[in-house]
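> Provided herewith: target_1.txt, compact mmCIF, C-alpha atoms.
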# COMPACT_ATOMS: atom_id res chain seq x y z
CA MET A 1 -60.59 34.68 48.07
CA ARG A 2 -61.20 36.73 51.22
CA PHE A 3 -63.02 35.14 54.15
CA THR A 4 -64.87 37.53 56.44
CA ASP A 5 -67.36 35.31 58.31
CA LEU A 6 -66.26 35.68 61.94
CA GLU A 7 -68.54 32.79 62.96
CA ARG A 8 -66.40 30.50 60.82
CA PRO A 9 -62.80 30.76 62.01
CA PRO A 10 -59.97 29.30 59.94
CA LEU A 11 -58.45 25.90 60.61
CA ASP A 12 -55.35 26.05 62.81
CA GLU A 13 -52.71 24.13 60.88
CA GLN A 14 -50.15 24.25 63.68
CA PHE A 15 -52.66 22.95 66.22
CA LEU A 16 -53.56 20.04 63.97
CA ARG A 17 -49.94 19.14 63.30
CA GLY A 18 -49.15 19.27 66.99
CA ARG A 19 -52.02 16.94 67.80
CA LEU A 20 -51.60 14.43 64.99
CA VAL A 21 -48.13 14.45 63.40
CA ARG A 22 -45.87 12.47 65.73
CA PRO A 23 -43.15 9.82 65.38
CA GLY A 24 -44.75 6.49 64.58
CA ALA A 25 -48.15 8.02 63.78
CA LEU A 26 -49.95 7.43 60.49
CA TRP A 27 -50.26 11.12 59.68
CA THR A 28 -46.95 12.56 58.50
CA GLN A 29 -47.94 15.92 57.01
CA ILE A 30 -50.99 18.18 57.36
CA ASP A 31 -51.48 21.13 55.03
CA VAL A 32 -54.35 23.61 55.11
CA LEU A 33 -55.02 25.50 51.87
CA ALA A 34 -57.08 28.68 51.64
CA GLU A 35 -58.62 27.54 48.37
CA THR A 36 -58.15 24.78 45.81
CA PRO A 37 -60.20 23.28 43.01
CA SER A 38 -60.04 19.83 44.68
CA THR A 39 -58.13 18.43 47.64
CA ASN A 40 -58.31 15.00 46.00
CA ALA A 41 -56.49 16.38 42.96
CA VAL A 42 -53.77 17.89 45.16
CA VAL A 43 -53.23 14.62 47.01
CA ALA A 44 -53.37 12.55 43.81
CA ALA A 45 -50.61 14.72 42.33
CA ALA A 46 -48.52 14.22 45.47
CA ALA A 47 -49.09 10.48 45.27
CA ALA A 48 -47.94 10.43 41.66
CA ALA A 49 -44.78 12.28 42.72
CA GLY A 50 -43.97 9.56 45.25
CA GLN A 51 -45.31 11.10 48.48
CA PRO A 52 -45.49 8.45 51.23
CA GLU A 53 -48.78 7.66 52.93
CA GLY A 54 -49.95 9.91 55.72
CA LEU A 55 -50.40 13.18 53.83
CA VAL A 56 -53.52 15.17 54.75
CA VAL A 57 -54.64 18.19 52.72
CA ALA A 58 -57.56 20.30 53.93
CA ALA A 59 -59.09 23.34 52.26
CA GLU A 60 -61.17 26.23 53.50
CA TYR A 61 -62.93 26.30 50.13
CA GLN A 62 -63.11 24.01 47.11
CA SER A 63 -64.08 25.56 43.80
CA SER A 64 -64.46 22.24 41.97
CA GLY A 65 -65.04 19.66 44.67
CA ARG A 66 -66.24 16.29 43.45
CA GLY A 67 -68.58 13.77 44.98
CA ARG A 68 -69.44 10.23 44.04
CA LEU A 69 -70.75 9.44 40.52
CA GLY A 70 -69.19 12.63 39.17
CA ARG A 71 -71.38 14.97 41.20
CA THR A 72 -70.13 18.31 42.45
CA TRP A 73 -69.62 19.13 46.13
CA THR A 74 -69.89 22.84 46.84
CA THR A 75 -70.16 24.53 50.23
CA PRO A 76 -69.67 28.11 51.46
CA PRO A 77 -66.11 28.93 52.62
CA ARG A 78 -65.24 27.47 56.05
CA SER A 79 -68.69 25.91 56.48
CA ALA A 80 -67.44 22.35 56.03
CA LEU A 81 -64.54 20.09 56.79
CA LEU A 82 -63.02 19.38 53.37
CA MET A 83 -59.95 17.18 53.29
CA SER A 84 -58.23 14.35 51.45
CA VAL A 85 -55.77 11.79 52.74
CA LEU A 86 -53.15 9.60 51.07
CA LEU A 87 -52.97 5.92 52.02
CA ARG A 88 -50.80 3.14 50.61
CA PRO A 89 -51.99 -0.23 52.00
CA THR A 90 -49.55 -2.07 49.77
CA ASN A 91 -49.54 -5.28 51.81
CA VAL A 92 -53.32 -5.62 51.36
CA ASP A 93 -54.61 -7.52 48.34
CA ALA A 94 -55.96 -5.14 45.70
CA ALA A 95 -59.34 -6.89 45.74
CA ARG A 96 -59.82 -5.71 49.32
CA TRP A 97 -59.01 -2.03 48.73
CA PRO A 98 -62.69 -1.14 48.08
CA TRP A 99 -63.30 -1.78 51.77
CA LEU A 100 -61.57 1.55 52.41
CA GLY A 101 -64.69 3.16 50.98
CA LEU A 102 -66.66 1.61 53.83
CA LEU A 103 -64.00 1.97 56.53
CA VAL A 104 -63.69 5.75 56.15
CA PRO A 105 -67.41 6.56 56.63
CA LEU A 106 -67.28 4.41 59.78
CA ALA A 107 -64.44 6.55 61.12
CA VAL A 108 -66.32 9.76 60.29
CA ALA A 109 -69.52 8.53 61.91
CA ALA A 110 -67.65 7.37 65.02
CA ALA A 111 -65.89 10.73 65.33
CA VAL A 112 -69.16 12.64 64.96
CA ARG A 113 -70.83 10.46 67.56
CA GLN A 114 -67.89 11.00 69.92
CA VAL A 115 -67.29 14.75 69.74
CA GLY A 116 -70.59 15.89 68.23
CA GLU A 117 -72.75 13.62 70.39
CA ILE A 118 -75.27 13.03 67.61
CA PRO A 119 -76.44 9.60 66.30
CA ALA A 120 -74.58 9.50 62.97
CA GLN A 121 -74.92 6.38 60.81
CA VAL A 122 -73.42 5.13 57.56
CA LYS A 123 -75.35 4.76 54.32
CA TRP A 124 -73.99 2.35 51.72
CA PRO A 125 -71.68 2.84 50.03
CA ASN A 126 -70.04 5.92 51.55
CA ASP A 127 -72.30 8.57 53.06
CA VAL A 128 -72.79 9.58 56.67
CA LEU A 129 -76.33 10.37 57.76
CA VAL A 130 -78.30 11.66 60.71
CA GLU A 131 -81.62 9.88 60.24
CA ASP A 132 -82.11 10.37 56.47
CA ARG A 133 -80.26 13.68 56.31
CA LYS A 134 -76.84 13.68 54.62
CA LEU A 135 -74.06 14.97 56.85
CA ALA A 136 -70.97 13.80 54.97
CA GLY A 137 -69.81 12.13 51.79
CA ILE A 138 -66.68 10.15 50.98
CA LEU A 139 -64.88 9.81 47.64
CA LEU A 140 -62.35 7.00 47.18
CA GLU A 141 -59.98 7.05 44.19
CA ARG A 142 -57.24 4.58 43.42
CA VAL A 143 -54.23 6.16 41.68
CA GLU A 144 -50.99 4.85 40.26
CA GLY A 145 -48.35 4.14 42.82
CA PRO A 146 -50.33 2.27 43.97
CA ALA A 147 -52.18 4.57 46.36
CA ALA A 148 -55.63 5.40 47.63
CA VAL A 149 -56.77 9.02 47.76
CA ILE A 150 -59.78 9.50 50.00
CA GLY A 151 -61.77 12.72 50.07
CA ILE A 152 -64.02 13.63 52.99
CA GLY A 153 -66.64 16.36 52.93
CA LEU A 154 -68.43 16.96 56.23
CA ASN A 155 -70.90 19.82 56.70
CA VAL A 156 -70.14 21.63 59.94
CA THR A 157 -71.78 25.08 60.09
CA LEU A 158 -73.90 24.91 56.94
CA ARG A 159 -77.11 26.88 57.51
CA SER A 160 -80.63 26.06 56.36
CA ASP A 161 -80.57 28.73 53.65
CA GLU A 162 -77.24 27.38 52.34
CA LYS A 163 -78.24 23.74 51.90
CA PRO A 164 -77.62 22.43 48.36
CA HIS A 165 -80.69 20.19 48.70
CA GLU A 166 -83.36 19.55 51.29
CA ALA A 167 -81.83 16.28 52.49
CA ALA A 168 -78.54 17.95 53.49
CA THR A 169 -77.68 18.71 57.09
CA SER A 170 -74.73 19.87 59.21
CA LEU A 171 -73.38 19.55 62.72
CA ALA A 172 -74.83 22.98 63.51
CA LEU A 173 -78.28 22.09 62.18
CA GLU A 174 -78.23 18.88 64.22
CA LYS A 175 -77.22 20.86 67.34
CA ALA A 176 -73.97 18.95 67.79
CA ALA A 177 -71.96 19.38 70.97
CA THR A 178 -69.18 21.08 68.96
CA THR A 179 -68.88 22.80 65.60
CA ASP A 180 -65.18 23.51 65.94
CA ARG A 181 -63.71 22.16 62.72
CA ALA A 182 -60.24 21.53 64.15
CA THR A 183 -61.73 19.42 66.93
CA VAL A 184 -63.84 17.46 64.45
CA MET A 185 -60.95 17.05 62.01
CA ALA A 186 -58.63 15.74 64.72
CA ALA A 187 -61.30 13.28 65.87
CA VAL A 188 -61.93 12.03 62.32
CA LEU A 189 -58.22 11.52 61.66
CA ARG A 190 -57.71 9.71 64.97
CA GLU A 191 -60.65 7.37 64.34
CA LEU A 192 -59.52 6.77 60.76
CA ALA A 193 -55.92 6.01 61.75
CA SER A 194 -57.05 3.48 64.38
CA ARG A 195 -59.39 1.59 62.03
CA TYR A 196 -56.99 1.73 59.10
CA GLN A 197 -54.13 0.29 61.12
CA SER A 198 -56.29 -2.56 62.41
CA TRP A 199 -57.46 -3.31 58.87
CA VAL A 200 -53.93 -3.26 57.44
CA ASP A 201 -52.62 -5.43 60.29
CA ALA A 202 -55.34 -7.96 59.38
CA ASN A 203 -54.28 -7.87 55.70
CA GLY A 204 -57.51 -6.16 54.76
CA ASP A 205 -59.77 -8.79 56.30
CA PRO A 206 -63.32 -7.33 56.17
CA ALA A 207 -64.10 -9.08 59.45
CA VAL A 208 -62.30 -6.16 61.10
CA ILE A 209 -64.89 -3.76 59.66
CA LEU A 210 -68.13 -5.72 59.37
CA PRO A 211 -69.34 -5.84 63.00
CA GLU A 212 -69.15 -2.07 63.45
CA TYR A 213 -70.48 -1.44 59.95
CA ARG A 214 -73.54 -3.57 60.63
CA GLU A 215 -74.05 -1.79 63.95
CA LEU A 216 -73.92 1.72 62.46
CA SER A 217 -75.53 0.99 59.10
CA ALA A 218 -78.64 2.94 58.18
CA THR A 219 -79.04 0.79 55.05
CA LEU A 220 -78.90 -2.85 56.15
CA GLY A 221 -82.35 -4.20 56.93
CA GLN A 222 -84.07 -1.39 55.03
CA ARG A 223 -86.29 -1.46 51.99
CA VAL A 224 -84.29 0.32 49.31
CA ARG A 225 -84.56 1.59 45.77
CA VAL A 226 -81.23 1.53 43.95
CA GLU A 227 -80.37 3.44 40.81
CA LEU A 228 -77.72 1.40 39.03
CA PRO A 229 -74.86 2.91 36.98
CA ASP A 230 -76.67 2.03 33.73
CA GLY A 231 -79.69 4.12 34.76
CA THR A 232 -81.98 1.20 35.65
CA PHE A 233 -83.57 0.71 39.06
CA LEU A 234 -84.25 -2.15 41.41
CA GLU A 235 -86.09 -2.45 44.71
CA GLY A 236 -85.71 -4.84 47.58
CA THR A 237 -84.37 -5.27 51.09
CA ALA A 238 -80.72 -4.54 51.80
CA ARG A 239 -79.75 -7.70 53.63
CA ASP A 240 -75.97 -7.70 54.15
CA LEU A 241 -72.55 -7.02 52.68
CA ALA A 242 -70.66 -9.58 50.60
CA ASP A 243 -67.02 -10.42 51.34
CA ASP A 244 -65.93 -7.86 48.74
CA GLY A 245 -68.09 -5.04 50.14
CA ARG A 246 -70.92 -5.34 47.64
CA LEU A 247 -74.42 -4.67 48.97
CA ILE A 248 -76.68 -7.72 48.83
CA VAL A 249 -80.26 -6.71 48.02
CA ASP A 250 -83.02 -9.31 48.20
CA THR A 251 -85.34 -8.65 45.25
CA LYS A 252 -88.38 -10.49 43.89
CA GLU A 253 -86.03 -12.17 41.42
CA GLY A 254 -83.58 -13.23 44.12
CA PRO A 255 -80.50 -11.74 45.83
CA ARG A 256 -78.51 -9.15 43.86
CA PRO A 257 -74.98 -8.20 44.96
CA LEU A 258 -74.33 -4.58 43.93
CA ALA A 259 -70.89 -3.05 43.51
CA ALA A 260 -72.22 0.47 42.89
CA GLY A 261 -75.47 2.37 42.93
CA ASP A 262 -77.37 5.32 44.35
CA VAL A 263 -79.46 4.05 47.27
CA THR A 264 -82.73 5.57 48.45
CA HIS A 265 -84.17 4.29 51.72
CA LEU A 266 -87.88 3.57 51.33
CA ARG A 267 -90.16 4.34 54.22
CA THR A 268 -92.47 1.46 55.12
CA ALA A 269 -96.18 2.16 55.46
Show me this structure written as structure tokens.

Amino acid sequence: MRFTDLERPPLDEQFLRGRLVRPGALWTQIDVLAETPSTNAVVAAAAAAGQPEGLVVAAEYQSSGRGRLGRTWTTPPRSALLMSVLLRPTNVDAARWPWLGLLVPLAVAAAVRQVGEIPAQVKWPNDVLVEDRKLAGILLERVEGPAAVIGIGLNVTLRSDEKPHEAATSLALEKAATTDRATVMAAVLRELASRYQSWVDANGDPAVILPEYRELSATLGQRVRVELPDGTFLEGTARDLADDGRLIVDTKEGPRPLAAGDVTHLRTA
């Protein structure tokens, strides 16, 4: 595929490696692909082949990008930051691995707040919002190894006429302080490495994540409508997170801890 949009320069692989791949650092290899069906698939294959943690694969365009619940993630070439990372928190109990799905959105939101200077928040389980507009999505997959493959899709220069749905947004549409993808990518990887290391050092203790998650959550304290995996719905108030990362929703029938679901924030009258 040929890329001709001069307003969307390519990612500088050498710059990113120079900034992030250093002795003792989490990130050991950064590859930038012109096009791939899915960065998660590339990283999952590397994990299966025995690649150590720290691999980062970014793509200028994904032809078959996947989001949560089997949805597609499609953006114009170079309009988004599309990347997947390989992590192997082998000293953390397997029951605590789902917390990675909450840790990564925190890192993305923190990076956006830092370099983009916009008030990004996290939406349970793994989206990043500006108000109720979706800026980024995270996809966590556990693969044999064991390993965690985490995909990040962050809209950077997506324009109004390119939005896949009305609720989508981008750094450009939110008038962020920067829309340089290399700057944003470096910030995301730095914030992710810092939080991941603290979490691993604490043997996956969610107490490392919870205070910041509560602070940046757009979901906790809100009236929500949740579509469950079986197609049913429930409504209530999102009160807190359980020790295993499930969302606790107070309903008329009592508290319901939810491991998965599609959350809609309900506006109060």
> Give the answer as one residue: which of A:Leu228, A:Val130, A:Ala95, A:Ala147 has the shortest atom-to-atom distance to A:Glu117, using only C-alpha atoms?
A:Val130
> How many Å lie between atom CA of A:Asp243 and atom CA of A:Gly221, rounded to one decimal?
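Answer for the atom CA of A:Asp243 to atom CA of A:Gly221 separation: 17.5 Å.
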> How would you write as a list in words the residues that get within 12 Å of (-78.9, 26.3, 56.4) in the file's frame, counting all atoms listed in the file?
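Selection result: Thr75, Pro76, Ser79, Asn155, Val156, Thr157, Leu158, Arg159, Ser160, Asp161, Glu162, Lys163, Pro164, His165, Glu166, Ala167, Ala168, Thr169, Ser170, Leu171, Ala172, Leu173 and Glu174 of chain A.
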> Given the point (-78.7, 0.3, 40.8) in the coordinates of this file, which residues lie within 8 Å, counting all atoms listed in the file, and how would they look as a ChimeraX atom specification?
/A:225-234,258,260-263
> May I ask which of the residues A:Ala109, A:Ala59, A:Ala45, A:Ala80 is the closest one to A:Tyr213, counting all atoms listed in the file?
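Ranking A:Ala109, A:Ala59, A:Ala45, A:Ala80 by distance to A:Tyr213, first place goes to A:Ala109.
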> Give me, as a list in words, all polymer residues having an atom no more than 8 Å from A:Ser217, counting only C-alpha atoms and skipping those fewer than 5 positions away in the same chain.
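Within the cut-off, the hits are Gln121, Val122, Lys123 and Trp124 of chain A.
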> I'd like to know which of A:Leu266, A:Arg214, A:Gly204, A:Thr179 is closest to A:Glu235, using only C-alpha atoms.
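For A:Glu235, the nearest of the candidates is A:Leu266.
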> Find, counting all atoms listed in the file, the residue in A:Asp93, A:Leu216, A:Thr264, A:Ala48 that gets nearest to A:Arg133.
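Of all the options, A:Thr264 lies closest to A:Arg133.
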> Quick one, how far is atom CA of A:Ala202 from atom CA of A:Asn40?
26.7 Å
